[in-house]
Structures are given as C-alpha cells and as structure tokens.
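Asker: First the structure, then my questions, so here it is.
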Amino acid sequence: MSSLTPVRLDVKPMPSTSGANSQSVEGSSVAQPSSLNINASSDRDPPERKRKPSRSPSPSAARDAIKLSKEAEAGPSRPLPSKQARPDGKQSAQDRNKAKKRQKALRKQWAEQVAKTGEKPIHHDIVEMLGADVVERLIKEGKEFEERMERKEYTLTIDRLSSYGEGLAISPDRDWVIAIPHALPGELVRAYVFSNERLYAKARLVEVVERAPLRQEAACQYFKSCAGCQYQHLGYDEQLRIKRDVIIKAYKHFSNLPPDLIPDIAPTLPSPEQFGYRTKLTPHFELPFQIRAFHRSKGKKSLPAVQPELQIGFDRIDGPGVLDIEECPLATRVINEALPDARQSVKSNISSFKNGATLLLRDSLRSHDPEDVACEVVRDHNASVRERVDSMKFENPAGAFWQNNRSILPSVIAYVRQAIVDHPPAPSSDDSKRYLVDTYCGSGFFALCLADLFEKVSGVELSKDSIKYAKTNVQLNGIKNADFLAGSAENIFSQISFPSHMTTVVIDPPRRGCDVPFLEQLRKLSPHLIVYVSCNVHTQARDIGWLLEADPDYKIVSIRGADFFPQSHHVESIAVLHKPNKPAGPPL
Ligand SMILES: C[S@@+](CC[C@H](N)C(=O)[O-])C[C@H]1O[C@@H](n2cnc3c(N)ncnc32)[C@H](O)[C@@H]1O
C-alpha cells in the first residue's frame with residue numbers, strides 16, 4: 001500500500017456539510033497518536049534529556065506536539081486569525097506584527113521540542129511526499145507554520161500511512177500534508193481539517209468515497225469515535241505487515257546507520273489473541289462541572305440533586321473529551337465483566353474523585369496452579385496480581401508495570417532465548433559460564449524466565465515496589481542465581497563484576513528509550529550480546545545507532561517486531577546486537 005505515488009488532486013475544497021460541528025458527522029477529529037493511554041504507568045513519562053537534535057524522537061514528542069498544537073491552534077471553536085479583518089482584505093500592521101510574533105514563538109517552541117525529543121516520525125513522510133526541496137524552501141522562507149489549511153472539508157486521495165496509523169494525503173491547494181485517522185492508502189475520502197501543525201494539518205474522516213479493497217468492518221461499536229485503536233478496519237496479516245514497515249522506516253530515519261548495517265527486518269511476531277488480550281484497562285473520566293464547583297466551594301455549595309452525566313472511557317477522535325465506553329473488545333473477558341460495576345462505583349461516589357481520575361482494572365490469575373485457568377479483576381493499585389509465563393510464576397503490584405498481553409509472552413521469551421542460545425560467548429580459556437544483566441527489569445519478567453541459561457542474573461529497576469516483587473518472584477520460583485537492585489538503570493554497571501565477554505544485557509526501557517549516561521555505561525561494559533526490547537522503535541533505533549557509532553564492533557544480528565497490541569498502531573521491537581569476536585577480558 002505504501003508504494004503508491006502521491007496524487008495531487010485538482011479538486012476544489014468542497015463546501016462543508018458539517019460546518020464547524022464536529023459531532024454531526026462520522027469520523028474523527030482531535031485524536032493524537034499519543035492520546036491513547038495504552039500504558040498509563042509513570043514509566044512512560046519522558047524526562048528531560050540532552051541530545052543532538054538529529055538523534056530523534058521520544059514518546060514525549062507526541063505529547064509535546066499536542067502542547068505545541070494547542071499553542072498553534074485554538075481548537076475547532078476558536079475563530080481563525082482573521083485575514084479579512086479589514087474591508088480591503090489586507091492585514092493591519094498590528095495583525096501582521098502579531099502573526100510574526102506568533103510564528104517566532106512557534107518556531108522557538110518547536111526547536112526546543114526537537115532538541116529535547118527529536119523530529120516526529122511524520123516529518124520524514126512529509127519530506128518524501130512534498131519533496132525535500134519543497135520542505136527546505138518552506139522552512140527557509142519561514143512558512144513551515146504558515147501555509148495552514150483552512151478549517152473545512154476537502155476531498156483527498158490517501159497516499160500512505162503514518163507510523164501512528166493515520167492516512168496521509170497531500171493538500172490540493174498548497175504544499176502541505178494532511179493526516180486523517182482511519183483513512184487507508186489508495187482511498188478517496190472527504191475529510192474535515194480542524195487544526196494545523198508544522199507542515200501538516202490534522203483532519204477527521206467524514207466519508208470514504210472510494211474504499212481500499214483491504215478495508216473491512218471494525219468489530220467494535222466505538223471504533224469510529226475511540227482513539228484507542230487504529231487498525232480494526234484491517235485484517236490481521238495486513239496489520240503485521242504495516243508494523244514491519246514502521247520498523248523499517250524507523251531504522252531508516254532514526255538510527256543514522258548506513259543501510260548495510262541494518263539487517264532485513266523479520267516478519268512481525270503475531271499475537272495469539274487478537275481481541276480479548278488486554279489484561280489492563282484504565283478508563284478515565286473528567287468531573288462534571290457541578291462536582292468541580294462543589295469541590296471549589298469547599299462545602300459552601302451542596303452536591304447536585306440529580307446525578308450529572310458522566311463519560312467514563314477513552315479519548316475521542318471525533319471531538320474533545322472522553323468517549324463513554326461500556327465494553328472494550330481488546331480487554332479480557334473478566335475485565336469486561338467487571339467494567340459495569342467499576343463504572344457504577346465511580347458514578348455513585350463521584351464527589352470523592354479528583355478531576356481526570358483513572359480507573360484501574362487488572363486481570364489477575366486466581367492462583368498459580370497451572371490447572372486453574374480462572375481469572376479475577378484487581379482494582380487496587382497496591383494489591384498484587386498473579387501471572388504465569390510458561391512454568392514461571394509471577395506476582396507484581398497492580399499499579400506497576402507488567403506486560404499487558406499475556407498471550408504473546410511465551411513466544412517472546414522463546415524468541416529471546418533462541419537469540420541467546422545462538423550467540424554463545426567467544427571461545428576462550430574460561431569455562432562456558434554466562435551472565436545476564438536485565439536492565440529496566442520490572443518485577444523480573446526477562447531475568448527470571450531466562451535465569452536457567454545463566455550462571456548468575458542481576459536486574460535493575462527504578463520502582464522499589466517492582467523490585468520488592470522481583471525478589472518475591474525469585475522465592476516463588478525457587479531461583480538461586482538472581483539478585484535485584486532498586487535504582488536507575490545505569491547504576492547497575494558499577495555494581496556488577498561479570499566478565500564482559502560472557503555477559504548478555506537485556507534492555508527494556510520505557511518509551512523514551514535509554515538515557516545517554518546509561519548508553520555510555522553500557523558501552524564501557526561492552527557485553528558480547530545485547531537484546532534490546534522496546535515499545536518505541538524510534539527511540540530504539542536512535543539508541544542502537546548511538547551504540548554502533550560509539551562501538552563499531554557491534555553487529556545488529558536481527559530486528560523483529562512483536563505485536564503486543566493488535567488493532568493498535570503500537571509495535572514492540574526486539575533487536576539483537578552481538579560482538580562476534582569479543583575477546584576475553586578481565587572482570588570489570
Ligand atoms: C517497559 S517496562 C519493562 C519492565 C520489564 N522488563 C517487563 O518486561 O516487565 C520499563 C520499566 O523501566 C522502569 N524504569 C523507568 N526508568 C528507569 C530507569 N531510569 N532506570 C531503571 N528502570 C527504569 C519502569 O519502572 C518500568 O518497570
């Protein structure tokens with residue numbers, strides 16, 4: 001699908017059938033890829049980091065972009081800067097000055113964002129679609145925020161998908177790209193532009209005029225309005241293929257590596273369950289204004305006699321606010337069964353919640369007995385949740401990180417095990433002992449599932465709670481060769497004395513990727529094998545590019561996506577790096 005060449009339509013923008021009322025039409029509006037709170041735990045929060053701007057994005061890119069777009073745009077209801085302020089159609093000097101200041105502020109804000117998080121993946125699509133020379137000219141002329149499209153309906157041909165699953169089209173009347181969630185390559189669509197970003201506009205899908213042959217009916221009643229899923233209108237094989245393409249593009253644009261150093265990206269590892277797989281759901285809600293007024297009055301006002309309407313669910317793509325969700329076909333059966341009660345308990349106690357609160361529903365095994373397949377739902381963040389991966393038993397805090405798709409974990413572990421077995425340490429006079437360092441280890445998923453391959457394993461993790469549970473899991477599984485440390489990942493390197501030529505390091509950081517101090521420590525340790533698992537392939541590509549530049553002896557032996565989140569644009573990427581001739585050296 002992505003091989004289609006951009007088609008510039010000579011179609012005049014169509015008069016809007018919807019006016020500014022985004023609710024009256026089918027499709028989407030203010031969705032952001034990052035607005036899907038697919039893993040709302042704090043490990044996804046990006047900290048500050050100092051990097052070269054060219055080194056690329058982090059998860060906060062999208063969030064910063066929202067901030068930027070909020071600055072740049074006023075949302076559907078704010079009137080456009082009035083170019084017709086004067087009867088002669090010209091801007092007043094005051095308006096021009098204001099516009100100039102605004103552009104300057106936007107450029108400064110954008111530069112700060114890129115310095116912090118890198119360029120957004122969509123930028124590379126824009127360059128390919130408009131042409132590098134056009135983008136360069138727009139930037140040189142200071143027009144990268146200026147060629148904004150009007151808020152109205154357009155008829156567009158979709159050229160390709162962005163890495164976050166939006167259909168991308170070229171504007172019919174200027175050098176600008178338009179991103180439309182749920183539109184597919186090759187389709188002719190009507191879409192309503194509602195805001196502008198740097199070099200592109202965002203639009204909601206109004207109607208598919210000519211369907212792509214691959215388009216299918218979504219299983220979920222909320223698909224058209226919910227920001228949670230991007231690909232329910234595509235078959236599963238196609239979703240896997242798209243995710244592989246996302247990895248290919250990420251390494252091309254974000255690793256800074258020559259193509260011959262990047263291996264063929266292997267087919268995406270499928271999820272055995274494509275619906276009903278999510279073991280964690282976090283619907284959120286905003287307090288009705290009457291309740292907020294009650295809180296603000298500090299007891300002076302009374303609660304409203306009639307319960308105000310409350311939306312509990314996920315972000316909308318067809319307007320601002322929260323979409324009320326009574327079921328989610330991605331969540332496991334027990335979570336869907338528990339959802340009505342959880343929603344009702346919020347409604348009955350609404351005055352006790354803060355604005356923007358989130359509900360937690362975690363699917364937990366009832367017991368660790370392999371014969372017992374029953375599950376139950378845990379809603380208390382501090383309660384423990386039981387999991388099993390193959391024969392390994394795990395407990396972890398409900399509010400802390402645990403992989404959300406239970407069904408894919410055995411094949412992920414099998415894949416990582418095989419990579420380790422396939423890359424033994426270089427022959428040396430030493431015996432064949434091997435050591436594992438599991439960084440960003442959570443409650444010990446990788447360390448403990450792989451412990452039998454190693455003489456000794458050590459894990460490090462920021463969350464003290466997760467480390468407490470990792471130690472419990474050591475006991476639970478009768479493991480004798482594992483220890484865990486609470487702290488920032490780079491701290492582990494000063495505490496271990498494994499011989500580097502016999503050491504494997506597993507890296508599984510949050511979406512922002514690794515911090516530079518961590519990468520520097522890793523380079524110093526120079527393990528013979530690195531398995532880098534990531535929920536953000538863009539930061540993974542950046543970090544691996546950094547590592548290979550710092551130490552060209554590493555070879556990337558494989559890169560493969562794993563589909564932890566079917567129906568969404570998210571893809572986990574597993575990269576294996578090896579130093580084939582790593583010589584034996586003294587312990588660190
Ligand atoms: C994607 S999760 C992976 C957890 C674990 N590997 C698993 O599969 O269950 C990332 C983990 O990194 C932890 N984390 C975030 N920043 C960290 C840091 N600077 N040092 C160590 N751990 C960190 C988070 O608490 C979270 O548990």
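Labels for the structure tokens follow display order: chains A, B, ..., residues from 1 in each chain, ligands from 1.
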Excluding segment 269-275 of chain A and its own-chain neighbours fewer than 4 positions away, which residues fall within 8 Å of it when counting only C-alpha atoms? Please give them as a count of residues only.
Answerer: 16
Asker: Could you list, as a ChimeraX atom specification, all the residues within 9 Å of ligand 1, counting only C-alpha atoms and all ligand atoms?
Answerer: /A:41-46,400-403,438-447,460-464,466,486-491,506-515,518,533-535
Asker: Set the distance at 7 Å and use only C-alpha atoms: which residues neighbour segment 368-382 of chain A once local chain neighbours fewer than 6 positions away are removed? I'd like the list as a ChimeraX atom specification.
Answerer: /A:334-335,338,360-362,388,393,397-399
Asker: For Tyr469 of chain A, which of A:Lys100, A:Lys116, A:Lys456, A:Arg386 is the closest residue, counting only C-alpha atoms?
Answerer: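 Result for the nearest residue to Tyr469 of chain A: A:Arg386.
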Asker: Between atom CA of Asp133 of chain A and atom CA of Pro172 of chain A, what is the distance in Å, rounded to a tenth?
Answerer: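 Between these atoms lies a distance of 18.5 Å.
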Asker: Smallest atom-to-atom distance to Ala212 of chain A: which of A:Thr157, A:Gln230, A:Thr539, A:Ser494, using only C-alpha atoms?
Answerer: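 So, comparing all the options, the nearest one is A:Thr157.
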Asker: State, in Å with one decimal place, the distance from atom CA of Cys220 of chain A to atom CA of Ile122 of chain A.
Answerer: 27.2 Å
Asker: Report as a list in words: the residues of segment 128-228 of chain A with a DSSP assignment of alpha helix (DSSP H), based on the backbone of this structure.
Answerer: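 Those in segment 128-228 of chain A that DSSP calls alpha helix (DSSP H) are Glu128, Met129, Leu130, Ala132, Asp133, Val134, Val135, Glu136, Arg137, Leu138, Ile139 and Lys140 of chain A.
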Asker: In Å to one decimal, how far is atom CA of Ala111 of chain A from atom CA of Ile170 of chain A?
Answerer: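 Separation between atom CA of Ile170 of chain A and atom CA of Ala111 of chain A: 24.5 Å.
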Asker: If we count only C-alpha atoms, what is near Ala470 of chain A at a cut-off of 9 Å, once residues fewer than 2 positions away on the same chain are taken out, given as a ChimeraX atom specification?
Answerer: /A:394-396,441-445,448,459,465-468,472-475,483-484
Asker: Do a neighbour search on Ser163 of chain A at 12 Å with only C-alpha atoms, toss out local chain neighbours closer than 5 positions, and write the hits as a PyMOL selection string.
Answerer: chain A and resi 2+33-34+62+120-126+168+179+181+230+239+242-250+253+536-538+568-571
Asker: With segment 190-193 of chain A as the partner and 7 Å as the cut-off, tabulate the residues of segment 207-320 of chain A that qualify, each row holding the nearest pair of atoms and their distance in Å to one decimal, using only C-alpha atoms, sorted by chain and rising number, as CSV.
Answerer:
residue,atom,partner,partner_atom,distance
A:Glu207,CA,A:Arg190,CA,5.1
A:Val208,CA,A:Arg190,CA,6.4
A:Val209,CA,A:Arg190,CA,6.9
Asker: Smallest atom-to-atom distance to Tyr554 of chain A: which of A:Lys224, A:Arg523, A:Arg296, A:Arg204, using only C-alpha atoms?
Answerer: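 Counting only C-alpha atoms, the residue closest to Tyr554 of chain A is A:Arg523.
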Asker: Which residue gives the smallest distance to Pro527 of chain A among A:Leu485, A:Leu436, A:Leu106, A:Leu450, with only C-alpha atoms counted?
Answerer: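 The answer is A:Leu436, which sits nearest to Pro527 of chain A.
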Asker: Residues near Leu529 of chain A, anyone? I mean within 12 Å using only C-alpha atoms, not counting same-chain ones fewer than 5 positions away, as an MDAnalysis selection string.
Answerer: chainID A and resid 416 419:426 434:437 500:507 522:523 553:558 575:582
Asker: Would you list the contacts of Val135 of chain A as a list in words, taking every protein, DNA or RNA residue within 10 Å and counting only C-alpha atoms, but skipping same-chain residues closer than 6 positions in sequence?
Answerer: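 Counting only the stated atoms, we get His123, Ile126, Val127, Glu128, Met129, Glu141, Lys143, Glu144, Asp175, Trp176 and Leu199 of chain A.
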Asker: Pick out each residue of segment 162-220 of chain A that DSSP on the backbone tags as strand (DSSP E or B); I need them as a ChimeraX atom specification.
Answerer: /A:166-170,177-181,188-196,200-210
Asker: Write to file, as a compact mmCIF listing (two decimals), in the first residue's frame, the residues of the selection just made, with C-alpha atoms.
Answerer:
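Wrote again-v3.txt, looks like this:
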# COMPACT_ATOMS: atom_id res chain seq x y z
CA GLU A 166 -3.14 7.98 10.10
CA GLY A 167 -3.79 8.14 6.38
CA LEU A 168 -1.64 10.88 4.83
CA ALA A 169 -2.67 12.96 1.82
CA ILE A 170 -1.22 15.97 0.02
CA VAL A 177 0.23 17.27 4.16
CA ILE A 178 -2.99 16.21 5.90
CA ALA A 179 -3.22 13.39 8.47
CA ILE A 180 -6.56 11.58 8.74
CA PRO A 181 -7.08 8.74 11.26
CA LEU A 188 -10.59 8.76 -1.87
CA VAL A 189 -12.03 10.40 1.24
CA ARG A 190 -13.80 13.51 2.41
CA ALA A 191 -12.11 14.90 5.49
CA TYR A 192 -12.61 17.96 7.67
CA VAL A 193 -9.42 19.85 8.54
CA PHE A 194 -9.60 21.11 12.11
CA SER A 195 -6.06 22.15 13.00
CA ASN A 196 -2.57 22.69 11.69
CA TYR A 200 0.78 19.39 8.05
CA ALA A 201 -2.85 19.62 9.06
CA LYS A 202 -5.00 17.25 11.07
CA ALA A 203 -8.40 16.24 9.81
CA ARG A 204 -11.24 13.91 10.75
CA LEU A 205 -12.65 11.41 8.35
CA VAL A 206 -16.08 12.43 7.07
CA GLU A 207 -16.71 9.83 4.39
CA VAL A 208 -14.84 7.19 2.44
CA VAL A 209 -15.79 7.91 -1.17
CA GLU A 210 -13.73 5.11 -2.70
Asker: With only C-alpha atoms as the atoms that count, which of A:Ser384, A:Ser171, A:Gln344, A:Ser162 lies nearest to Pro185 of chain A?
Answerer: A:Ser162
